[in-house]
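J.: Have a look at the structure that comes next, please.
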Amino acid sequence: MGERRIAVDALARVEGEGALRVTVRDHRVTDIQLHIYEPPRFFEAFLRGRHYQEAPDLTARICGICPVAYQMSAAHALEKAMGVTPPPGVRELRRLFYCGEWISSHVLHIFLLHLPDFLGHESALSMAADPRLRPWVERALRMKQIGNRLVALIGGREIHPVNACVGGFYRAPRRADLAAMEPDLAWGLETAVEAVRFAAGLEYPDFEADYEFVSLRHPDEYPLNEGRLVSSAGLDAPVEDFERHVIEEQVAHANALHARRVETGRSYLVGPTSRVNLNFDRLSPAAQSVAREIGLGLPIRNPFRSLLARGLETVHAFEEALALVRAYEPPAPPRAPLPDPPRAGSGAHATEAPRGLLYHRYQVDDRGLVASARIVPPTSQNLKRIEDDLWQFVPGVLDLPHEEATWRCEQLVRCYDPCISCATHFLRLSVART
Amino acid sequence: MATVRRRKPTLAVFKFASCDGCQLALLDCEEELLAVAGEVEIAYFLEASRRTAPGPYDVALVEGSVTTSEEVERLKEIRQQARLLVAIGACATAGGIQALRNWADVAEFTRVVYARPEHIHALERSVPLSEVVPVDFELRGCPISKRQLVDLVSSLVIGRKPQVPTHSVCGECKRQGTVCVMVAHGIPCLGPATQAGCGAICPAYHRGCYGCFGPMELPNVTSLGTQFLVLGLSPEEVARAFRTVNGYARAFRAASMQFGREAATGGAGEAGRG
């Protein structure tokens with residue numbers, strides 16, 4: 001037999017630009033490449049020489065889907081560098097801000113990017129043309145809008161919000177404005193629980209892989225902004241030690257770096273599945289309860305079932321947001337004063353972006369200018385893991401008609417909710433068969 | 001309106017170097033999305049659908065800046081397929097935040113981020129679409145305004161000219177009754193030189209505008225920069241203030257270079273931060 005190629009030149013329903021190329025020779029997969037042709041944008045380089053207070057605004061521009069994550073990782077890392085502790089109440093407001101982004105990002109992925117694959121649709125728009133599915137599309141858009149409104153209320157706007165800064169927030173939202181969101185958040189919580197029940201009834205491809213799950217873990221909260229770096233293989237370290245446990249390597253076929261674990265030399269998984277597997281006991285009551293009701297088995301080792309993990313986290317985010325809104329008192333002052341004159345220092349931090357761990361490290365000089373910056377986004381940590389999954393997954397789909405095999409491979413990639421703009425700081429499928 | 005053609009206009013969305021935020025703004029039009037999808041045929045929008053229809057397209061919305069030679073060729077092909085080409089967002093209209101490299105050595109930048117720079121093919125500069133092909137319309141912003149996007153798409157569907165204000169952010173603050181942060185609190189604010197469209201968010205959140213919508217028509221950047229010096233910024237800091245997401249837009253570029261030269265020749269030196 002000759003060579004056969006499965007190729008997806010431009011992956012759809014993922015953030016950013018990537019391609020997939022699989023080469024099969026005599027029924028054996030000989031090469032798999034996730035091409036990242038999204039052009040590099042050199043953030044770490046042009047951050048040098050900028051004032052550290054600009055970092056939350058500038059790094060947000062890495063990703064239009066998860067700008068809050070960039071702002072949170074940057075602000076925390078730089079607060080460590082400056083020796084600044086935000087005033088009481090900022091911590092809770094930041095969690096609420098992050099819940100808004102988790103809701104809008106997760107609902108976008110579950111319903112607009114991921115679900116069409118399970119239902120044989122090309123997009124959520126084609127789902128909306130089906131009268132049985134249209135109510136779900138409408139509910140999804142409303143849930144997403146609620147998440148976006150929360151981000152906009154706290155941050156000024158949903159994409160690239162303007163209110164977060166090193167030290168806290170420029171202005172605390174008014175109590176009445178947040179309180180007005182209570183009915184929508186309560187509706188969102190109920191609808192997200194229904195969505196998990198709906199998703200539990202989907203047909204999931206039979207596929208499991210052996211992952212090292214990596215996420216943050218906090219003594220008494222589901223991880224968002226704080227926690228230790230932990231893994232299913234026993235890693236337990238402060239987030240500042242991230243670079244001791246992970247190395248990033250450049251590969252020729254991608255404008256994104258690939259990450260591996262130092263101790264094992266192997267790929268690992270970050271994101272909703274890892275967080276749920278490692279922090280199930282910290283999920284909100286409604287999320288734990290619906291997980292038990294649908295018989296979610298832990299750990300989740302089937303990447304397609306990441307949709308359920310995302311759903312549970314959406315439930316959690318609505319429930320926590322509701323509690324935070326009810327308890328909200330505007331922090332006063334909304335931000336801590338920064339050292340004047342600035343002090344030289346360095347700081348590293350990781351928070352949980354919707355797609356997984358997002359690490360930032362900065363070195364700041366005595367004029368307050370960034371001397372060096374390092375940013376490790378979740379998608380670049382998952383890239384090698386996606387390729388590893390494909391090595392295991394592709395042999396099982398080779399007997400399918402070419403078009404279907406290609407679609408299955410695309411689906412697997414989409415399970416990861418890859419964010420290519422982030423990773424280049426991702427994807428097209430080409431299966432080459434001989 | 002019976003004379004309006006019956007065929008649904010086709011809409012295509014393309015991405016170049018960018019964060020995805022501006023095309024996400026279309027998906028963020030939660031209340032209008034299904035209505036828009038009813039009025040236009042979304043022929044190419046990879047972030048939303050795996051079904052793609054070949055051109056030509058009535059309207060192409062293009063996000064992102066041009067940063068590689070492959071992108072130059074791809075944009076030229078899109079131009080040939082598009083009856084109307086609309087640049088959306090600061091990357092497409094001004095080169096975006098990644099245009100900060102236009103003042104730097106790209107080879108050196110590549111070495112900072114990538115261990116094996118030989119695999120990275122990037123042009124020296126990140127440029128707006130209009131430097132490569134004729135552009136029919138521009139929507140400013142980092143990100144664009146959803147309201148302006150919906151207005152643009154509906155205008156193009158019914159065949160009227162989209163309406164985008166070209167006055168400064170100051171007008172928006174006045175209309176909203178936001179107290180001027182520069183006059184009242186001495187906070188440097190790019191609002192007087194920046195085109196309206198965002199809704200003057202930053203001053204409403206007690207901070208200065210940082211120019212997401214780029215220069216307004218005929219901005220007096222020299223006067224504004226000089227006022228920043230009066231407020232205590234150093235020439236270097238003034239240069240940096242103009243050099244952000246729209247730093248490569250003509251008027252902001254000129255201002256950052258003007259104050260940058262002043263910094264280099266020793267101007268006022270490093271003043272205390274305002």
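For the structure tokens, the naming scheme is as follows: chains receive sequential letters (A, B, ...) according to their order of presentation, residues are indexed from 1 within each chain, and ligands are indexed from 1 in presentation order.
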Give the residues of chain B that lie within 6 Å of chain A; count only C-alpha atoms, and format the answer as number ranges by chain.

T.: B: 17, 19-21, 30, 46-51, 98, 109, 112, 119, 201, 205

J.: Could you write out the selected residues, including C-alpha atoms, as a PDB file, in the first residue's frame?

T.:
```
ATOM      1  CA  ALA B  17      -2.144  38.408  12.836  1.00  0.00           C
ATOM      2  CA  CYS B  19      -5.973  38.068  18.979  1.00  0.00           C
ATOM      3  CA  ASP B  20      -9.339  36.973  17.451  1.00  0.00           C
ATOM      4  CA  GLY B  21     -11.134  39.570  19.549  1.00  0.00           C
ATOM      5  CA  GLU B  30     -25.681  37.529  21.220  1.00  0.00           C
ATOM      6  CA  LEU B  46     -13.867  29.544  10.211  1.00  0.00           C
ATOM      7  CA  GLU B  47     -14.166  30.393  13.873  1.00  0.00           C
ATOM      8  CA  ALA B  48     -17.924  29.715  13.715  1.00  0.00           C
ATOM      9  CA  SER B  49     -18.365  27.076  11.015  1.00  0.00           C
ATOM     10  CA  ARG B  50     -16.478  24.291   9.229  1.00  0.00           C
ATOM     11  CA  ARG B  51     -18.621  24.830   6.113  1.00  0.00           C
ATOM     12  CA  GLN B  98       2.391  43.676  17.176  1.00  0.00           C
ATOM     13  CA  PHE B 109      12.807  39.857  18.714  1.00  0.00           C
ATOM     14  CA  VAL B 112      13.968  36.519  22.466  1.00  0.00           C
ATOM     15  CA  HIS B 119      12.108  28.400  11.540  1.00  0.00           C
ATOM     16  CA  ILE B 201     -14.913  53.591  29.019  1.00  0.00           C
ATOM     17  CA  TYR B 205     -13.422  53.824  35.201  1.00  0.00           C
TER      18      TYR B 205
END
```

J.: At a cut-off of 9 Å, can you tabulate as CSV every residue of segment 352-425 of chain A near segment 223-246 of chain A together with its closest atom pair and the distance in Å to one decimal, using only C-alpha atoms and ordering rows by chain then number?

T.:
```
residue,atom,partner,partner_atom,distance
A:Glu352,CA,A:Leu224,CA,5.0
A:Ala353,CA,A:Leu224,CA,7.6
A:Tyr359,CA,A:Phe242,CA,7.8
A:Arg361,CA,A:Glu240,CA,8.5
A:Gln381,CA,A:Val246,CA,8.9
```

J.: For N, CA and C atoms, I'd like the residues from the last selection saved as a short mmCIF file (atom, residue, chain, number, x, y, z; two decimals), in the first residue's frame.

T.:
```cif
data_model
loop_
_atom_site.label_atom_id
_atom_site.label_comp_id
_atom_site.auth_asym_id
_atom_site.auth_seq_id
_atom_site.Cartn_x
_atom_site.Cartn_y
_atom_site.Cartn_z
N GLU A 352 -5.72 30.12 36.52
CA GLU A 352 -6.40 29.15 35.67
C GLU A 352 -7.25 29.87 34.62
N ALA A 353 -6.71 30.03 33.41
CA ALA A 353 -7.47 30.54 32.27
C ALA A 353 -8.53 29.50 31.92
N TYR A 359 0.87 30.93 32.87
CA TYR A 359 2.00 31.36 33.70
C TYR A 359 2.62 32.64 33.14
N ARG A 361 5.91 35.42 34.06
CA ARG A 361 7.03 35.84 34.92
C ARG A 361 7.60 37.15 34.40
N GLN A 381 0.97 24.47 26.25
CA GLN A 381 1.21 23.32 27.13
C GLN A 381 0.48 22.08 26.63
#
```

J.: Just want the 7 Å neighbourhood of segment 33-43 of chain B, counted on only C-alpha atoms, with same-chain residues fewer than 4 positions away dropped. Output as a list in words.

T.: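 Neighbouring residues, sequence-local ones excluded: Lys8, Pro9, Thr10, Leu11, Ala12, Leu27, Cys29, Thr52 and Ala53 of chain B.
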
J.: Next, the residues of the selection above should be written as a compact mmCIF listing (two decimals), in the first residue's frame with C-alpha atoms.

T.:
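Done, and the output landed in selection-v9.txt:
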```
# COMPACT_ATOMS: atom_id res chain seq x y z
CA LYS B 8 -28.92 37.26 0.49
CA PRO B 9 -25.59 39.08 0.52
CA THR B 10 -22.65 36.84 1.31
CA LEU B 11 -20.38 37.63 4.23
CA ALA B 12 -16.90 36.25 4.78
CA LEU B 27 -20.17 36.11 18.07
CA CYS B 29 -23.54 40.10 19.38
CA THR B 52 -16.94 27.22 3.73
CA ALA B 53 -18.27 28.49 0.43
```

J.: Residues within 8 Å of Ala344 of chain A, please, as a list in words. Count only C-alpha atoms; anything in the same chain fewer than 4 positions from it doesn't count.

T.: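 In the requested form, the answer reads Ala81, Met82, Gln363, Val364, Asp365, Asp366, Arg367 and Gly368 of chain A.
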
J.: Store the residues picked out above, limited to N, CA and C atoms, as a PDB file, in the first residue's frame.

T.:
```pdb
ATOM      1  N   ALA A  81       6.234  41.101  42.236  1.00  0.00           N
ATOM      2  CA  ALA A  81       7.474  41.804  41.912  1.00  0.00           C
ATOM      3  C   ALA A  81       7.579  43.118  42.667  1.00  0.00           C
ATOM      4  N   MET A  82       6.441  43.792  42.875  1.00  0.00           N
ATOM      5  CA  MET A  82       6.437  45.110  43.513  1.00  0.00           C
ATOM      6  C   MET A  82       6.195  45.030  45.013  1.00  0.00           C
ATOM      7  N   GLN A 363      10.496  40.462  35.095  1.00  0.00           N
ATOM      8  CA  GLN A 363      11.568  41.097  35.825  1.00  0.00           C
ATOM      9  C   GLN A 363      11.408  42.587  35.547  1.00  0.00           C
ATOM     10  N   VAL A 364      11.427  43.390  36.588  1.00  0.00           N
ATOM     11  CA  VAL A 364      11.200  44.828  36.433  1.00  0.00           C
ATOM     12  C   VAL A 364      12.431  45.564  36.936  1.00  0.00           C
ATOM     13  N   ASP A 365      12.863  46.626  36.208  1.00  0.00           N
ATOM     14  CA  ASP A 365      14.047  47.365  36.661  1.00  0.00           C
ATOM     15  C   ASP A 365      13.668  48.496  37.618  1.00  0.00           C
ATOM     16  N   ASP A 366      14.671  49.234  38.098  1.00  0.00           N
ATOM     17  CA  ASP A 366      14.382  50.239  39.125  1.00  0.00           C
ATOM     18  C   ASP A 366      13.671  51.476  38.576  1.00  0.00           C
ATOM     19  N   ARG A 367      13.463  51.543  37.233  1.00  0.00           N
ATOM     20  CA  ARG A 367      12.632  52.626  36.688  1.00  0.00           C
ATOM     21  C   ARG A 367      11.192  52.147  36.472  1.00  0.00           C
ATOM     22  N   GLY A 368      10.898  50.912  36.870  1.00  0.00           N
ATOM     23  CA  GLY A 368       9.553  50.376  36.696  1.00  0.00           C
ATOM     24  C   GLY A 368       9.322  49.815  35.307  1.00  0.00           C
TER      25      GLY A 368
END
```

J.: Using only C-alpha atoms, pick whichever of B:Asn220, B:Ser65, B:Thr166, B:Gln148 has the shortest atom-to-atom distance to Ala94 of chain B.

T.: B:Ser65

J.: Neighbouring residues of Pro56 of chain A were defined as those with any atom within 8 Å, considering only C-alpha atoms; residues of the same chain fewer than 3 positions away were excluded. Please report them as a list in words.

T.: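 Neighbouring residues, sequence-local ones excluded: Gln53, Thr59, Ala60, Tyr70, Gln71, Met72, Ala74, Ala75, Ala164, Cys165 and Val166 of chain A.
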
J.: Write the residues of the selection above to a file with N, CA and C atoms, as a PDB file, in the first residue's frame.

T.:
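Output below, filename part_2.pdb:
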```
ATOM      1  N   GLN A  53       2.940  48.639  34.749  1.00  0.00           N
ATOM      2  CA  GLN A  53       1.486  48.804  34.862  1.00  0.00           C
ATOM      3  C   GLN A  53       0.792  48.630  33.504  1.00  0.00           C
ATOM      4  N   THR A  59      -0.792  42.488  27.585  1.00  0.00           N
ATOM      5  CA  THR A  59      -0.855  41.029  27.436  1.00  0.00           C
ATOM      6  C   THR A  59      -2.282  40.548  27.177  1.00  0.00           C
ATOM      7  N   ALA A  60      -3.292  41.344  27.570  1.00  0.00           N
ATOM      8  CA  ALA A  60      -4.683  40.985  27.245  1.00  0.00           C
ATOM      9  C   ALA A  60      -4.814  40.799  25.739  1.00  0.00           C
ATOM     10  N   TYR A  70      -5.208  36.792  31.072  1.00  0.00           N
ATOM     11  CA  TYR A  70      -3.914  37.472  30.922  1.00  0.00           C
ATOM     12  C   TYR A  70      -3.774  38.594  31.928  1.00  0.00           C
ATOM     13  N   GLN A  71      -4.869  39.336  32.128  1.00  0.00           N
ATOM     14  CA  GLN A  71      -4.797  40.446  33.072  1.00  0.00           C
ATOM     15  C   GLN A  71      -4.582  39.940  34.490  1.00  0.00           C
ATOM     16  N   MET A  72      -5.221  38.800  34.824  1.00  0.00           N
ATOM     17  CA  MET A  72      -5.079  38.269  36.181  1.00  0.00           C
ATOM     18  C   MET A  72      -3.682  37.722  36.430  1.00  0.00           C
ATOM     19  N   ALA A  74      -0.917  38.518  34.869  1.00  0.00           N
ATOM     20  CA  ALA A  74       0.033  39.639  34.851  1.00  0.00           C
ATOM     21  C   ALA A  74      -0.041  40.426  36.155  1.00  0.00           C
ATOM     22  N   ALA A  75      -1.254  40.751  36.586  1.00  0.00           N
ATOM     23  CA  ALA A  75      -1.396  41.576  37.792  1.00  0.00           C
ATOM     24  C   ALA A  75      -0.810  40.872  39.013  1.00  0.00           C
ATOM     25  N   ALA A 164      -8.896  46.308  35.197  1.00  0.00           N
ATOM     26  CA  ALA A 164      -7.979  45.570  36.063  1.00  0.00           C
ATOM     27  C   ALA A 164      -6.594  46.198  36.013  1.00  0.00           C
ATOM     28  N   CYS A 165      -5.924  46.243  37.134  1.00  0.00           N
ATOM     29  CA  CYS A 165      -4.570  46.791  37.132  1.00  0.00           C
ATOM     30  C   CYS A 165      -3.731  46.122  38.210  1.00  0.00           C
ATOM     31  N   VAL A 166      -2.426  46.363  38.119  1.00  0.00           N
ATOM     32  CA  VAL A 166      -1.544  45.909  39.181  1.00  0.00           C
ATOM     33  C   VAL A 166      -1.962  46.676  40.423  1.00  0.00           C
TER      34      VAL A 166
END
```

J.: From segment 15-144 of chain B, collect each residue whose DSSP state is strand (DSSP E) and return the set as a PyMOL selection string.

T.: chain B and resi 15+41-45+57-63+82-88+137-139

J.: Let's have the selection written as a PDB file, in the first residue's frame, with C-alpha atoms.

T.:
```
ATOM      1  CA  LYS B  15      -8.147  36.492  10.181  1.00  0.00           C
ATOM      2  CA  GLU B  41     -25.286  34.223   4.072  1.00  0.00           C
ATOM      3  CA  ILE B  42     -22.244  33.599   6.215  1.00  0.00           C
ATOM      4  CA  ALA B  43     -20.116  32.049   3.508  1.00  0.00           C
ATOM      5  CA  TYR B  44     -16.776  31.874   5.260  1.00  0.00           C
ATOM      6  CA  PHE B  45     -16.248  32.240   9.010  1.00  0.00           C
ATOM      7  CA  TYR B  57     -18.144  37.493  -1.451  1.00  0.00           C
ATOM      8  CA  ASP B  58     -20.221  40.652  -1.155  1.00  0.00           C
ATOM      9  CA  VAL B  59     -18.524  41.691   2.073  1.00  0.00           C
ATOM     10  CA  ALA B  60     -15.253  40.492   3.551  1.00  0.00           C
ATOM     11  CA  LEU B  61     -14.551  41.459   7.153  1.00  0.00           C
ATOM     12  CA  VAL B  62     -10.838  41.196   7.697  1.00  0.00           C
ATOM     13  CA  GLU B  63      -9.249  41.119  11.133  1.00  0.00           C
ATOM     14  CA  ALA B  82     -14.404  40.627  -2.153  1.00  0.00           C
ATOM     15  CA  ARG B  83     -16.757  43.255  -3.531  1.00  0.00           C
ATOM     16  CA  LEU B  84     -16.340  45.272  -0.315  1.00  0.00           C
ATOM     17  CA  LEU B  85     -13.351  44.730   1.925  1.00  0.00           C
ATOM     18  CA  VAL B  86     -13.734  46.014   5.480  1.00  0.00           C
ATOM     19  CA  ALA B  87     -10.765  46.217   7.820  1.00  0.00           C
ATOM     20  CA  ILE B  88     -11.933  45.517  11.375  1.00  0.00           C
ATOM     21  CA  PHE B 137     -14.132  50.728   4.906  1.00  0.00           C
ATOM     22  CA  GLU B 138     -12.474  50.663   8.298  1.00  0.00           C
ATOM     23  CA  LEU B 139     -13.866  49.907  11.741  1.00  0.00           C
TER      24      LEU B 139
END
```

J.: Which residues are near Tyr328 of chain A? Cut-off 9 Å, only C-alpha atoms, ignore same chain within fewer than 5 positions. Put them as number ranges by chain.

T.: A: 89, 92-93, 175, 178-179, 323

J.: Figure out the distance between atom CA of Glu131 of chain B and atom CA of Gly191 of chain B, please, to one decimal in Å.

T.: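 These two atoms are separated by 26.2 Å.
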
J.: Per DSSP on the backbone, filter segment 130-286 of chain A down to the residues in helix (DSSP H, G or I) and report them as a PyMOL selection string.

T.: chain A and resi 134-155+175-179+182-200+239-245+272-282+285-286
